[in-house]
$ cat coords_28.cif   # mmCIF, C-alpha atoms
data_structure
#
loop_
_atom_site.label_atom_id
_atom_site.label_comp_id
_atom_site.auth_asym_id
_atom_site.auth_seq_id
_atom_site.Cartn_x
_atom_site.Cartn_y
_atom_site.Cartn_z
CA MET A 1 -0.07 61.63 9.36
CA PHE A 2 3.30 62.78 8.03
CA LEU A 3 4.06 59.26 6.78
CA LEU A 4 0.68 59.07 5.03
CA ASN A 5 1.28 62.43 3.37
CA SER A 6 4.73 61.26 2.25
CA ILE A 7 3.19 58.13 0.68
CA LEU A 8 0.54 60.22 -1.09
CA VAL A 9 3.21 62.59 -2.41
CA GLY A 10 5.18 59.59 -3.64
CA LEU A 11 2.12 58.20 -5.45
CA LYS A 12 1.45 61.59 -7.03
CA GLU A 13 5.05 61.79 -8.19
CA ILE A 14 4.75 58.32 -9.77
CA TRP A 15 1.48 59.27 -11.44
CA ALA A 16 2.94 62.52 -12.76
CA ASN A 17 5.76 60.58 -14.45
CA LYS A 18 3.94 57.35 -15.33
CA PHE A 19 6.12 56.13 -18.19
CA ARG A 20 9.36 56.87 -16.38
CA SER A 21 8.07 55.19 -13.21
CA ILE A 22 6.97 52.07 -15.11
CA LEU A 23 10.42 51.72 -16.67
CA THR A 24 11.97 52.17 -13.21
CA MET A 25 9.72 49.52 -11.68
CA LEU A 26 10.39 47.07 -14.50
CA GLY A 27 13.71 46.01 -13.00
CA ILE A 28 12.05 45.28 -9.65
CA VAL A 29 9.17 43.45 -11.35
CA LEU A 30 11.56 41.24 -13.30
CA GLY A 31 13.72 40.62 -10.25
CA VAL A 32 10.80 39.65 -8.01
CA SER A 33 9.12 37.45 -10.65
CA SER A 34 12.41 35.72 -11.47
CA LEU A 35 13.10 35.07 -7.79
CA ILE A 36 9.62 33.60 -7.25
CA GLY A 37 9.83 31.66 -10.53
CA MET A 38 13.21 30.15 -9.70
CA SER A 39 11.98 29.26 -6.22
CA ALA A 40 8.88 27.61 -7.73
CA ILE A 41 10.97 25.54 -10.14
CA VAL A 42 13.29 24.37 -7.37
CA LYS A 43 10.33 23.56 -5.10
CA GLY A 44 8.80 21.48 -7.89
CA MET A 45 12.09 19.60 -8.31
CA GLU A 46 12.26 18.97 -4.57
CA ASN A 47 8.68 17.68 -4.43
CA GLY A 48 9.27 15.38 -7.39
CA MET A 49 12.49 13.92 -5.97
CA LYS A 50 10.97 13.28 -2.55
CA GLU A 51 7.81 11.87 -4.13
CA ALA A 52 9.91 9.41 -6.13
CA LEU A 53 11.95 8.53 -3.05
CA ILE A 54 8.81 7.62 -1.13
CA ALA A 55 7.41 5.72 -4.12
CA MET A 56 10.50 3.49 -4.18
CA GLY A 57 10.04 2.32 -0.61
CA GLY A 58 10.44 5.15 1.87
CA LEU A 59 13.24 6.32 4.13
CA ASP A 60 13.47 3.12 6.15
CA LYS A 61 14.41 0.99 3.13
CA VAL A 62 18.02 -0.21 2.86
CA LEU A 63 19.58 -2.08 -0.06
CA VAL A 64 22.16 -4.75 0.63
CA SER A 65 24.38 -4.37 -2.43
CA ASP A 66 27.44 -6.15 -3.78
CA GLN A 67 30.85 -4.53 -3.51
CA PRO A 68 34.34 -5.65 -4.55
CA VAL A 69 36.30 -7.68 -2.04
CA PRO A 70 38.40 -5.29 0.11
CA ALA A 71 42.09 -5.05 -0.72
CA ASP A 72 43.10 -6.76 2.53
CA GLN A 73 40.88 -9.75 1.65
CA GLN A 74 41.91 -10.24 -1.96
CA HIS A 75 43.39 -13.62 -1.10
CA LEU A 76 39.82 -14.74 -0.25
CA ALA A 77 38.25 -13.44 -3.46
CA ASP A 78 37.72 -16.93 -4.89
CA GLN A 79 35.57 -17.77 -1.83
CA LYS A 80 33.14 -14.91 -2.44
CA VAL A 81 29.56 -16.23 -2.45
CA GLY A 82 27.54 -13.09 -3.16
CA ARG A 83 24.00 -12.47 -1.89
CA THR A 84 22.06 -15.71 -1.47
CA ILE A 85 18.87 -16.93 0.15
CA ARG A 86 20.98 -18.04 3.11
CA ASP A 87 21.59 -14.36 3.88
CA VAL A 88 17.85 -13.72 3.86
CA TYR A 89 17.03 -16.45 6.37
CA ALA A 90 19.95 -15.41 8.56
CA LEU A 91 18.75 -11.80 8.65
CA LYS A 92 15.19 -12.88 9.41
CA ASN A 93 16.26 -15.13 12.28
CA SER A 94 19.24 -13.31 13.78
CA ALA A 95 18.70 -9.57 13.28
CA PRO A 96 15.84 -8.45 15.55
CA LEU A 97 16.25 -4.78 14.62
CA ILE A 98 15.34 -5.64 11.00
CA ARG A 99 11.58 -5.49 10.40
CA VAL A 100 11.27 -6.82 6.82
CA VAL A 101 13.63 -8.72 4.54
CA SER A 102 12.76 -9.00 0.85
CA PRO A 103 14.85 -11.12 -1.54
CA GLU A 104 14.68 -10.52 -5.29
CA MET A 105 15.99 -12.54 -8.21
CA GLY A 106 15.79 -10.60 -11.44
CA LEU A 107 15.96 -11.53 -15.10
CA ARG A 108 17.45 -8.98 -17.48
CA ASN A 109 16.12 -8.23 -20.97
CA ALA A 110 13.06 -10.41 -20.48
CA VAL A 111 10.33 -10.26 -23.12
CA VAL A 112 6.68 -10.27 -22.08
CA SER A 113 4.17 -10.85 -24.87
CA ARG A 114 0.55 -11.56 -25.69
CA GLY A 115 -0.12 -12.42 -29.28
CA ALA A 116 1.65 -9.89 -31.49
CA LYS A 117 2.11 -7.41 -28.66
CA MET A 118 5.32 -7.52 -26.67
CA LEU A 119 7.47 -5.37 -24.41
CA THR A 120 10.45 -5.44 -22.12
CA PRO A 121 9.30 -4.64 -18.57
CA SER A 122 11.16 -2.21 -16.36
CA GLU A 123 11.90 -5.21 -14.17
CA LEU A 124 10.96 -8.88 -14.12
CA VAL A 125 11.58 -10.09 -10.59
CA GLY A 126 11.10 -13.26 -8.61
CA CYS A 127 10.22 -12.31 -5.06
CA TRP A 128 8.36 -13.03 -1.83
CA PRO A 129 5.15 -11.32 -0.69
CA GLU A 130 7.32 -9.05 1.48
CA VAL A 131 8.03 -7.02 -1.67
CA ILE A 132 4.62 -5.36 -1.30
CA GLU A 133 5.55 -3.76 2.01
CA MET A 134 9.13 -3.18 0.93
CA ASN A 135 8.29 -1.21 -2.24
CA LEU A 136 4.96 0.18 -1.00
CA HIS A 137 2.92 -1.63 -3.64
CA VAL A 138 -0.88 -1.56 -3.57
CA LEU A 139 -2.67 -4.64 -4.92
CA ALA A 140 -5.76 -3.31 -6.71
CA HIS A 141 -7.14 -6.53 -8.19
CA GLY A 142 -6.71 -10.25 -7.66
CA ARG A 143 -4.24 -11.72 -5.20
CA PHE A 144 -0.54 -12.06 -4.54
CA PHE A 145 1.51 -15.24 -4.40
CA THR A 146 0.68 -17.93 -1.86
CA PRO A 147 3.08 -20.36 -0.13
CA ILE A 148 1.77 -23.02 -2.55
CA ASP A 149 2.78 -20.87 -5.55
CA GLU A 150 6.25 -20.53 -4.05
CA GLU A 151 6.62 -24.20 -3.10
CA GLN A 152 5.39 -25.59 -6.41
CA ALA A 153 7.02 -22.88 -8.57
CA ASN A 154 3.68 -22.08 -10.18
CA SER A 155 3.63 -20.03 -13.36
CA VAL A 156 1.71 -17.07 -11.97
CA CYS A 157 2.49 -13.36 -12.05
CA VAL A 158 1.37 -9.99 -10.76
CA ILE A 159 1.66 -7.06 -13.16
CA GLY A 160 1.55 -3.27 -13.13
CA THR A 161 -0.90 -1.16 -15.10
CA GLY A 162 1.74 -0.27 -17.68
CA ILE A 163 2.03 -3.96 -18.64
CA ARG A 164 -1.78 -4.17 -18.85
CA ASP A 165 -1.97 -1.06 -21.03
CA THR A 166 0.55 -2.39 -23.56
CA LEU A 167 -0.73 -5.96 -23.80
CA PHE A 168 -4.48 -5.52 -23.27
CA GLY A 169 -5.15 -1.85 -24.03
CA SER A 170 -5.12 1.28 -21.89
CA PRO A 171 -8.27 2.88 -20.46
CA GLU A 172 -8.06 5.73 -22.97
CA GLU A 173 -8.10 3.17 -25.80
CA THR A 174 -10.80 0.85 -24.46
CA GLY A 175 -12.97 3.41 -22.69
CA SER A 176 -12.74 1.65 -19.32
CA PRO A 177 -9.96 -0.06 -17.35
CA ILE A 178 -9.41 -3.73 -18.24
CA ILE A 179 -8.80 -6.13 -15.35
CA PRO A 180 -6.89 -9.05 -16.91
CA ILE A 181 -7.05 -11.40 -13.91
CA GLY A 182 -6.93 -15.01 -15.14
CA GLU A 183 -5.54 -14.02 -18.54
CA GLN A 184 -2.40 -15.67 -19.87
CA ILE A 185 0.75 -13.94 -21.07
CA MET A 186 4.12 -15.24 -22.25
CA ILE A 187 7.35 -14.50 -20.41
CA ASN A 188 10.34 -15.51 -22.54
CA ASN A 189 7.97 -17.87 -24.41
CA GLN A 190 6.75 -19.54 -21.22
CA PRO A 191 3.04 -19.20 -20.31
CA PHE A 192 2.13 -17.37 -17.09
CA THR A 193 -1.28 -16.65 -15.61
CA ILE A 194 -2.02 -13.18 -14.24
CA VAL A 195 -3.34 -13.54 -10.69
CA GLY A 196 -3.03 -9.93 -9.55
CA MET A 197 -2.58 -6.36 -10.74
CA PHE A 198 -1.22 -3.38 -8.85
CA ASP A 199 -2.83 0.01 -8.54
CA HIS A 200 -1.87 2.70 -11.04
CA TYR A 201 1.00 4.77 -9.62
CA GLU A 202 1.41 8.41 -10.59
CA GLY A 203 2.78 11.64 -9.21
CA GLU A 204 0.65 14.56 -8.10
CA LEU A 205 1.15 16.39 -11.40
CA ASP A 206 0.07 13.39 -13.50
CA LYS A 207 -2.92 12.87 -11.25
CA LYS A 208 -4.04 16.50 -11.63
CA ASN A 209 -3.56 16.39 -15.40
CA ARG A 210 -5.58 13.18 -15.66
CA GLU A 211 -8.42 14.54 -13.53
CA THR A 212 -8.45 17.79 -15.51
CA ALA A 213 -8.54 15.94 -18.83
CA LYS A 214 -11.32 13.68 -17.55
CA ALA A 215 -13.36 16.69 -16.47
CA LYS A 216 -12.92 18.30 -19.90
CA ASP A 217 -13.97 15.07 -21.60
CA ASN A 218 -17.13 15.01 -19.51
CA GLU A 219 -17.91 18.58 -20.55
CA VAL A 220 -17.26 18.03 -24.25
CA LYS A 221 -18.80 14.72 -25.24
CA GLY A 222 -17.64 13.21 -28.49
CA GLY A 223 -14.53 15.36 -28.66
CA PRO A 224 -11.03 14.11 -29.46
CA VAL A 225 -9.49 11.56 -27.13
CA ARG A 226 -7.34 13.24 -24.53
CA SER A 227 -4.56 11.69 -22.55
CA ARG A 228 -5.58 10.75 -19.02
CA GLY A 229 -2.06 10.18 -17.85
CA TRP A 230 -2.22 6.39 -18.19
CA GLY A 231 -0.15 6.04 -21.33
CA GLY A 232 3.13 7.69 -22.27
CA LYS A 233 6.47 6.64 -20.85
CA ARG A 234 7.91 8.67 -18.04
CA TRP A 235 11.23 7.32 -16.92
CA ASN A 236 10.75 7.69 -13.19
CA ALA A 237 9.82 5.70 -10.09
CA PHE A 238 6.12 5.62 -11.00
CA TRP A 239 6.72 4.44 -14.56
CA ARG A 240 9.04 1.75 -13.22
CA LYS A 241 6.47 0.48 -10.73
CA ASN A 242 3.70 0.50 -13.35
CA ASN A 243 5.82 -1.57 -15.75
CA THR A 244 6.86 -4.25 -13.27
CA VAL A 245 6.19 -7.99 -13.54
CA LEU A 246 6.56 -10.06 -10.38
CA ILE A 247 6.65 -13.85 -10.16
CA PRO A 248 7.34 -16.21 -7.22
CA LEU A 249 11.01 -16.40 -6.25
CA ASN A 250 11.15 -20.18 -6.64
CA THR A 251 9.49 -19.92 -10.06
CA MET A 252 12.21 -17.54 -11.20
CA TRP A 253 14.86 -19.98 -10.01
CA VAL A 254 13.32 -23.13 -11.49
CA LYS A 255 12.19 -21.73 -14.84
CA PHE A 256 14.80 -19.10 -15.65
CA ARG A 257 17.85 -18.97 -13.41
CA SER A 258 18.71 -22.56 -12.51
CA ALA A 259 20.41 -23.18 -15.84
CA SER A 260 21.14 -19.66 -17.02
CA GLY A 261 24.40 -19.02 -15.22
CA LEU A 262 27.85 -18.81 -16.77
CA ASN A 263 28.58 -21.99 -18.80
CA ASN A 264 25.11 -23.31 -17.80
CA ILE A 265 26.18 -23.53 -14.15
CA PRO A 266 23.25 -22.62 -11.86
CA ASP A 267 23.55 -19.15 -10.39
CA PRO A 268 21.96 -19.00 -6.91
CA THR A 269 22.84 -15.37 -6.23
CA LEU A 270 20.09 -12.85 -5.66
CA SER A 271 19.76 -9.61 -7.59
CA ASP A 272 18.70 -7.67 -4.51
CA ILE A 273 18.21 -8.02 -0.81
CA ASP A 274 16.16 -5.15 0.59
CA ILE A 275 15.61 -4.63 4.29
CA LYS A 276 13.53 -2.28 6.40
CA VAL A 277 14.52 -1.37 9.93
CA LYS A 278 12.12 -1.26 12.86
CA ASP A 279 13.22 2.17 14.06
CA LEU A 280 14.96 4.83 11.96
CA ALA A 281 16.39 6.30 15.16
CA ARG A 282 18.36 3.06 15.59
CA LEU A 283 19.39 2.74 11.94
CA ASP A 284 23.13 2.53 12.68
CA GLN A 285 22.58 -0.21 15.27
CA ALA A 286 20.33 -2.14 12.89
CA LEU A 287 22.91 -1.94 10.09
CA GLN A 288 25.69 -3.04 12.41
CA GLN A 289 23.55 -5.98 13.47
CA ALA A 290 22.88 -6.89 9.82
CA ARG A 291 26.58 -6.55 9.04
CA ASN A 292 27.51 -8.97 11.83
CA VAL A 293 25.01 -11.52 10.52
CA LEU A 294 26.19 -11.22 6.91
CA MET A 295 29.84 -11.49 7.90
CA GLN A 296 28.96 -14.93 9.30
CA THR A 297 27.11 -16.08 6.16
CA HIS A 298 29.81 -14.66 3.88
CA ASN A 299 32.62 -16.49 5.69
CA GLY A 300 34.12 -13.26 6.99
CA ILE A 301 34.41 -11.71 3.51
CA GLU A 302 33.00 -8.18 3.40
CA ASP A 303 31.81 -8.26 -0.21
CA PHE A 304 28.62 -6.35 0.55
CA SER A 305 27.59 -2.83 1.57
CA PHE A 306 24.46 -0.99 2.65
CA GLU A 307 22.83 1.72 0.58
CA THR A 308 20.49 3.78 2.72
CA GLN A 309 17.94 6.34 1.65
CA GLU A 310 19.72 8.86 3.86
CA LYS A 311 22.33 9.12 1.13
CA ALA A 312 19.57 9.82 -1.40
CA VAL A 313 18.04 12.44 0.91
CA ASP A 314 21.44 14.10 1.35
CA ASP A 315 21.91 14.10 -2.42
CA ILE A 316 18.48 15.67 -2.92
CA ASN A 317 19.18 18.34 -0.31
CA LEU A 318 22.56 19.13 -1.90
CA ARG A 319 21.07 19.46 -5.38
CA ILE A 320 18.23 21.62 -4.12
CA LYS A 321 20.67 23.80 -2.17
CA ASN A 322 22.85 24.32 -5.26
CA ALA A 323 19.82 25.10 -7.42
CA ARG A 324 18.51 27.63 -4.90
CA ARG A 325 21.91 29.24 -4.63
CA SER A 326 22.25 29.57 -8.41
CA GLY A 327 18.71 30.87 -8.81
CA GLY A 328 19.16 33.28 -5.90
CA ILE A 329 22.30 34.79 -7.44
CA ILE A 330 20.55 35.33 -10.78
CA SER A 331 17.51 36.89 -9.09
CA ALA A 332 19.69 39.04 -6.83
CA ILE A 333 21.43 40.47 -9.90
CA ALA A 334 18.05 41.29 -11.44
CA LEU A 335 16.90 43.00 -8.22
CA LEU A 336 20.19 44.89 -8.01
CA VAL A 337 19.65 46.23 -11.52
CA GLY A 338 16.17 47.29 -10.42
CA GLY A 339 17.65 49.04 -7.38
CA ILE A 340 20.13 50.93 -9.57
CA GLY A 341 17.20 52.03 -11.71
CA ILE A 342 15.35 53.36 -8.65
CA MET A 343 18.44 55.20 -7.45
CA ASN A 344 18.92 56.73 -10.88
CA ILE A 345 15.34 57.93 -11.14
CA MET A 346 15.35 59.34 -7.61
CA LEU A 347 18.54 61.31 -8.32
CA ALA A 348 16.92 62.69 -11.46
CA SER A 349 13.79 63.51 -9.51
CA ILE A 350 15.78 65.43 -6.88
CA THR A 351 17.53 67.43 -9.59
CA GLU A 352 14.13 68.41 -11.00
CA ARG A 353 12.78 69.30 -7.53
CA ILE A 354 15.72 71.26 -6.05
CA ARG A 355 13.71 74.50 -5.88
CA GLU A 356 10.74 72.62 -4.36
CA ILE A 357 13.01 71.17 -1.68
CA GLY A 358 14.49 74.63 -1.06
CA ILE A 359 11.01 76.11 -0.57
CA ARG A 360 10.06 73.34 1.89
CA LYS A 361 13.18 73.92 3.92
CA ALA A 362 12.69 77.67 3.80
CA ILE A 363 9.19 77.42 5.30
CA GLY A 364 10.30 75.07 8.09
CA ALA A 365 10.75 71.50 6.75
CA SER A 366 13.47 69.73 8.70
CA THR A 367 16.39 67.79 7.25
CA GLY A 368 14.86 64.58 8.63
CA ALA A 369 11.51 65.33 6.98
CA VAL A 370 13.14 65.78 3.54
CA PHE A 371 15.21 62.64 4.06
CA THR A 372 12.11 60.63 5.04
CA GLN A 373 10.13 61.98 2.07
CA ILE A 374 12.69 60.74 -0.46
CA ILE A 375 13.09 57.38 1.29
CA VAL A 376 9.31 56.87 1.32
CA GLU A 377 9.03 57.74 -2.39
CA SER A 378 11.76 55.18 -3.18
CA LEU A 379 9.99 52.59 -1.04
CA VAL A 380 6.66 53.27 -2.76
CA ILE A 381 8.22 52.57 -6.15
CA ALA A 382 9.84 49.35 -4.86
CA VAL A 383 6.68 48.15 -3.08
CA ILE A 384 4.48 48.71 -6.12
CA GLY A 385 7.10 46.97 -8.25
CA GLY A 386 7.23 44.10 -5.76
CA ILE A 387 3.44 43.64 -5.84
CA ALA A 388 3.46 43.75 -9.64
CA GLY A 389 6.33 41.23 -9.63
CA ILE A 390 4.32 38.82 -7.47
CA VAL A 391 1.37 39.05 -9.86
CA THR A 392 3.67 38.67 -12.87
CA SER A 393 5.33 35.60 -11.36
CA TYR A 394 2.15 33.55 -11.86
CA GLY A 395 2.20 34.28 -15.57
CA PHE A 396 5.95 33.66 -15.67
CA VAL A 397 5.54 30.22 -14.06
CA ALA A 398 2.59 29.38 -16.34
CA MET A 399 4.76 30.27 -19.35
CA ILE A 400 7.55 28.01 -18.07
CA VAL A 401 5.10 25.12 -17.68
CA ARG A 402 3.75 25.64 -21.20
CA LEU A 403 7.11 26.08 -22.94
CA THR A 404 9.11 23.47 -21.02
CA PRO A 405 6.66 20.96 -19.50
CA SER A 406 8.26 18.60 -17.02
CA GLN A 407 7.33 15.89 -14.58
CA ASN A 408 7.75 18.22 -11.62
CA ALA A 409 5.45 21.22 -11.92
CA PRO A 410 6.75 24.47 -10.39
CA VAL A 411 5.12 25.33 -7.07
CA ILE A 412 4.79 28.94 -5.95
CA THR A 413 5.03 29.11 -2.17
CA PRO A 414 3.99 31.92 0.22
CA GLU A 415 7.51 31.87 1.67
CA ALA A 416 9.00 32.69 -1.75
CA MET A 417 6.55 35.56 -2.28
CA ILE A 418 7.26 37.02 1.16
CA MET A 419 11.01 36.72 0.63
CA ALA A 420 10.87 38.32 -2.82
CA PHE A 421 8.66 41.17 -1.61
CA THR A 422 10.91 41.79 1.40
CA PHE A 423 14.00 41.91 -0.80
CA SER A 424 12.32 44.34 -3.21
CA ALA A 425 11.40 46.65 -0.32
CA LEU A 426 14.94 46.39 1.05
CA ILE A 427 16.39 47.22 -2.36
CA GLY A 428 14.09 50.23 -2.55
CA LEU A 429 15.23 51.37 0.88
CA LEU A 430 18.91 51.04 0.03
CA ALA A 431 18.47 52.61 -3.40
CA GLY A 432 16.84 55.66 -1.82
CA LEU A 433 19.55 56.31 0.76
CA ILE A 434 22.01 58.22 -1.43
CA PRO A 435 19.33 60.40 -3.10
CA ALA A 436 17.72 61.05 0.32
CA ILE A 437 21.03 62.07 1.87
CA LYS A 438 21.75 64.35 -1.10
CA ALA A 439 18.32 65.98 -0.83
CA ALA A 440 18.55 66.38 2.96
CA ARG A 441 21.92 68.15 2.71
CA LEU A 442 20.70 70.80 0.28
CA HIS A 443 21.05 74.33 1.65
CA PRO A 444 17.73 76.20 1.27
CA ILE A 445 19.35 79.43 -0.11
CA GLN A 446 21.39 77.53 -2.72
CA ALA A 447 18.35 75.42 -3.61
CA LEU A 448 16.20 78.52 -4.14
CA ARG A 449 18.88 80.03 -6.41
CA TYR A 450 18.96 76.85 -8.55
CA ASP A 451 17.61 77.51 -12.03
#
$ encode --input "coords_28.cif" --output "structure tokens"
Amino acid sequence: MFLLNSILVGLKEIWANKFRSILTMLGIVLGVSSLIGMSAIVKGMENGMKEALIAMGGLDKVLVSDQPVPADQQHLADQKVGRTIRDVYALKNSAPLIRVVSPEMGLRNAVVSRGAKMLTPSELVGCWPEVIEMNLHVLAHGRFFTPIDEEQANSVCVIGTGIRDTLFGSPEETGSPIIPIGEQIMINNQPFTIVGMFDHYEGELDKKNRETAKAKDNEVKGGPVRSRGWGGKRWNAFWRKNNTVLIPLNTMWVKFRSASGLNNIPDPTLSDIDIKVKDLARLDQALQQARNVLMQTHNGIEDFSFETQEKAVDDINLRIKNARRSGGIISAIALLVGGIGIMNIMLASITERIREIGIRKAIGASTGAVFTQIIVESLVIAVIGGIAGIVTSYGFVAMIVRLTPSQNAPVITPEAMIMAFTFSALIGLLAGLIPAIKAARLHPIQALRYD
């Protein structure tokens, strides 16, 4: 009952000095909303990074990359062979802890065209069907390459929706998705037939925006054309996958790479060798096994290395940690300013209420009761400010999205709201300590004499 009365007295005190109380709470409101807003921005960044990481193949994907010949093997540098198809077959046959091996032979600065329309794809790659599982592709229409396509070096290709949109028209331009299976395009002036097309890849934010725009279009018929998220370049994992052109590995070699090496000497090296391990728990063993195999095919020259997604995950975690730390410091300063404001207003309030406190003590109020009353009033101000800050944070985040739109939309989490509210209450508690101690120590006779 005493605590309830203390809360009611605190609310009456706030109501009696509304303008002053609002100004006092403003620091807490700004601190809480900034803390939640910063947390939402960082959470959006984290979601976007992890979403892109998964889109590029998942955590069990490992890239076998080139590296300079080690210093102690420089005398063998002229025997370096690089990544070749021999490595691929050796890994498939002699590394049982490797689940998938996907070779790729790329062609830089390729030009894909159809009539007067042309573009440079994000990547033009000769590959095996294993690339679908390796890069988590989804074939939406048509088919992928067959062993016959590979053996005969057929001029066939599988494209992403970004290629389709540029060469044949996007859904927002044509009114419905075009499926160009069987159509012919030119790759570096050589004709290729489209035999398959991948699904359209997009992040959660793009998907929501497209669905929202589609719903609005259905409500307002005949209105202006709105973007459905199919066009527009976004330089990320999804844009890259949507603007990919894949052809059979042997086709790439026969038609483009067999005579395109330095001084017209055929270049048999692969652009990439990607592998996926059977069990992430045995990643180190799998990589050691792959290393042993490649040391044999590379004549004992360690001109290769392994790039795992663990490194990318560690990099993401480090960046997120630094962002949270920076945002937390800024928000803590804002909350500290709010706490100073509460302390200042409570000290002023005690000065105004010295006689009131003296009367309470004179009629029997204990030191602890006066102390608790001031602490509760300080907490009431902080709690109300914290609740207002949580409400304000939604508008703050919406303003950030509108003013600085990005690929990774901020995400307000319950954890951030709880943390911000807890900190605001803690600041209120700490800010009320000094005024409460000052009020509790007042002598009733001296307080009654105060004019």
$ resolve_selection --input "coords_28.cif" --expression "the PyMOL selection byres ((chain A and resi 436) around 8)" --output "PyMOL selection string"
chain A and resi 370-375+432-435+437-440
$ resolve_selection --input "coords_28.cif" --expression "the PyMOL selection byres ((chain A and resi 101) around 12)" --output "JSON, numbers by chain"
{"A": [60, 61, 62, 63, 64, 85, 86, 87, 88, 89, 90, 91, 92, 93, 94, 95, 96, 97, 98, 99, 100, 102, 103, 104, 127, 128, 129, 130, 131, 132, 133, 134, 135, 272, 273, 274, 275, 276, 277, 278, 290]}
$ closest_residue --input "coords_28.cif" --among "A:Phe396, A:His298, A:Leu429, A:Asp315" --to "Leu76 (chain A)" --atoms "only C-alpha atoms"
A:His298
$ atom_distance --input "coords_28.cif" --atom1 "CA of Ser331 (chain A)" --atom2 "CA of Val32 (chain A)"
7.3 Å
$ atom_distance --input "coords_28.cif" --atom1 "CA of Phe238 (chain A)" --atom2 "CA of Pro410 (chain A)"
18.9 Å
$ residues_around --input "coords_28.cif" --residues "Gly169 (chain A)" --least-positions-apart "6" --cutoff "12 Å" --atoms "all atoms listed in the file" --output "list in words"
Arg114, Lys117, Thr161, Gly162, Ile163, Gly175, Ser176, Pro177, Ile178, Ile179, Pro180, Trp230 and Gly231 of chain A
$ axis_aligned_box --input "coords_28.cif" --around "region 429-443 of chain A" --padding-each-side "5 Å" --output "lines of an AutoDock Vina configuration file"
center_x = 18.6
center_y = 62.7
center_z = -0.2
size_x = 16.8
size_y = 33.3
size_z = 16.4
$ atom_distance --input "coords_28.cif" --atom1 "CA of Thr351 (chain A)" --atom2 "CA of Leu23 (chain A)"
18.6 Å
$ closest_residue --input "coords_28.cif" --among "A:Ile159, A:Leu270, A:Ala323, A:Ile185" --to "Val81 (chain A)" --atoms "all atoms listed in the file"
A:Leu270
$ resolve_selection --input "coords_28.cif" --expression "the PyMOL selection byres ((chain A and resi 194) around 12)" --output "ChimeraX atom specification"
/A:114,141-145,154-160,163-164,179-187,191-193,195-198,245-247
$ residues_around --input "coords_28.cif" --residues "Ala420 (chain A)" --least-positions-apart "6" --cutoff "8 Å" --atoms "all atoms listed in the file" --output "PyMOL selection string"
chain A and resi 32+35-36+386
$ residues_around --input "coords_28.cif" --residues "region 333-345 of chain A" --least-positions-apart "4" --cutoff "10 Å" --atoms "all atoms listed in the file" --output "PDB file with C-alpha atoms, in the frame of the given file"
ATOM      1  CA  ARG A  20       9.360  56.870 -16.380  1.00  0.00           C
ATOM      2  CA  SER A  21       8.070  55.190 -13.210  1.00  0.00           C
ATOM      3  CA  LEU A  23      10.420  51.720 -16.670  1.00  0.00           C
ATOM      4  CA  THR A  24      11.970  52.170 -13.210  1.00  0.00           C
ATOM      5  CA  MET A  25       9.720  49.520 -11.680  1.00  0.00           C
ATOM      6  CA  LEU A  26      10.390  47.070 -14.500  1.00  0.00           C
ATOM      7  CA  GLY A  27      13.710  46.010 -13.000  1.00  0.00           C
ATOM      8  CA  ILE A  28      12.050  45.280  -9.650  1.00  0.00           C
ATOM      9  CA  VAL A  29       9.170  43.450 -11.350  1.00  0.00           C
ATOM     10  CA  LEU A  30      11.560  41.240 -13.300  1.00  0.00           C
ATOM     11  CA  GLY A  31      13.720  40.620 -10.250  1.00  0.00           C
ATOM     12  CA  VAL A  32      10.800  39.650  -8.010  1.00  0.00           C
ATOM     13  CA  SER A  33       9.120  37.450 -10.650  1.00  0.00           C
ATOM     14  CA  SER A  34      12.410  35.720 -11.470  1.00  0.00           C
ATOM     15  CA  LEU A  35      13.100  35.070  -7.790  1.00  0.00           C
ATOM     16  CA  GLY A 328      19.160  33.280  -5.900  1.00  0.00           C
ATOM     17  CA  ILE A 329      22.300  34.790  -7.440  1.00  0.00           C
ATOM     18  CA  SER A 349      13.790  63.510  -9.510  1.00  0.00           C
ATOM     19  CA  ILE A 350      15.780  65.430  -6.880  1.00  0.00           C
ATOM     20  CA  THR A 351      17.530  67.430  -9.590  1.00  0.00           C
ATOM     21  CA  GLU A 377       9.030  57.740  -2.390  1.00  0.00           C
ATOM     22  CA  SER A 378      11.760  55.180  -3.180  1.00  0.00           C
ATOM     23  CA  LEU A 379       9.990  52.590  -1.040  1.00  0.00           C
ATOM     24  CA  ILE A 381       8.220  52.570  -6.150  1.00  0.00           C
ATOM     25  CA  ALA A 382       9.840  49.350  -4.860  1.00  0.00           C
ATOM     26  CA  GLY A 385       7.100  46.970  -8.250  1.00  0.00           C
ATOM     27  CA  ALA A 420      10.870  38.320  -2.820  1.00  0.00           C
ATOM     28  CA  PHE A 423      14.000  41.910  -0.800  1.00  0.00           C
ATOM     29  CA  SER A 424      12.320  44.340  -3.210  1.00  0.00           C
ATOM     30  CA  ALA A 425      11.400  46.650  -0.320  1.00  0.00           C
ATOM     31  CA  LEU A 426      14.940  46.390   1.050  1.00  0.00           C
ATOM     32  CA  ILE A 427      16.390  47.220  -2.360  1.00  0.00           C
ATOM     33  CA  GLY A 428      14.090  50.230  -2.550  1.00  0.00           C
ATOM     34  CA  LEU A 429      15.230  51.370   0.880  1.00  0.00           C
ATOM     35  CA  LEU A 430      18.910  51.040   0.030  1.00  0.00           C
ATOM     36  CA  ALA A 431      18.470  52.610  -3.400  1.00  0.00           C
ATOM     37  CA  GLY A 432      16.840  55.660  -1.820  1.00  0.00           C
ATOM     38  CA  LEU A 433      19.550  56.310   0.760  1.00  0.00           C
ATOM     39  CA  ILE A 434      22.010  58.220  -1.430  1.00  0.00           C
ATOM     40  CA  PRO A 435      19.330  60.400  -3.100  1.00  0.00           C
ATOM     41  CA  ALA A 436      17.720  61.050   0.320  1.00  0.00           C
TER      42      ALA A 436
END
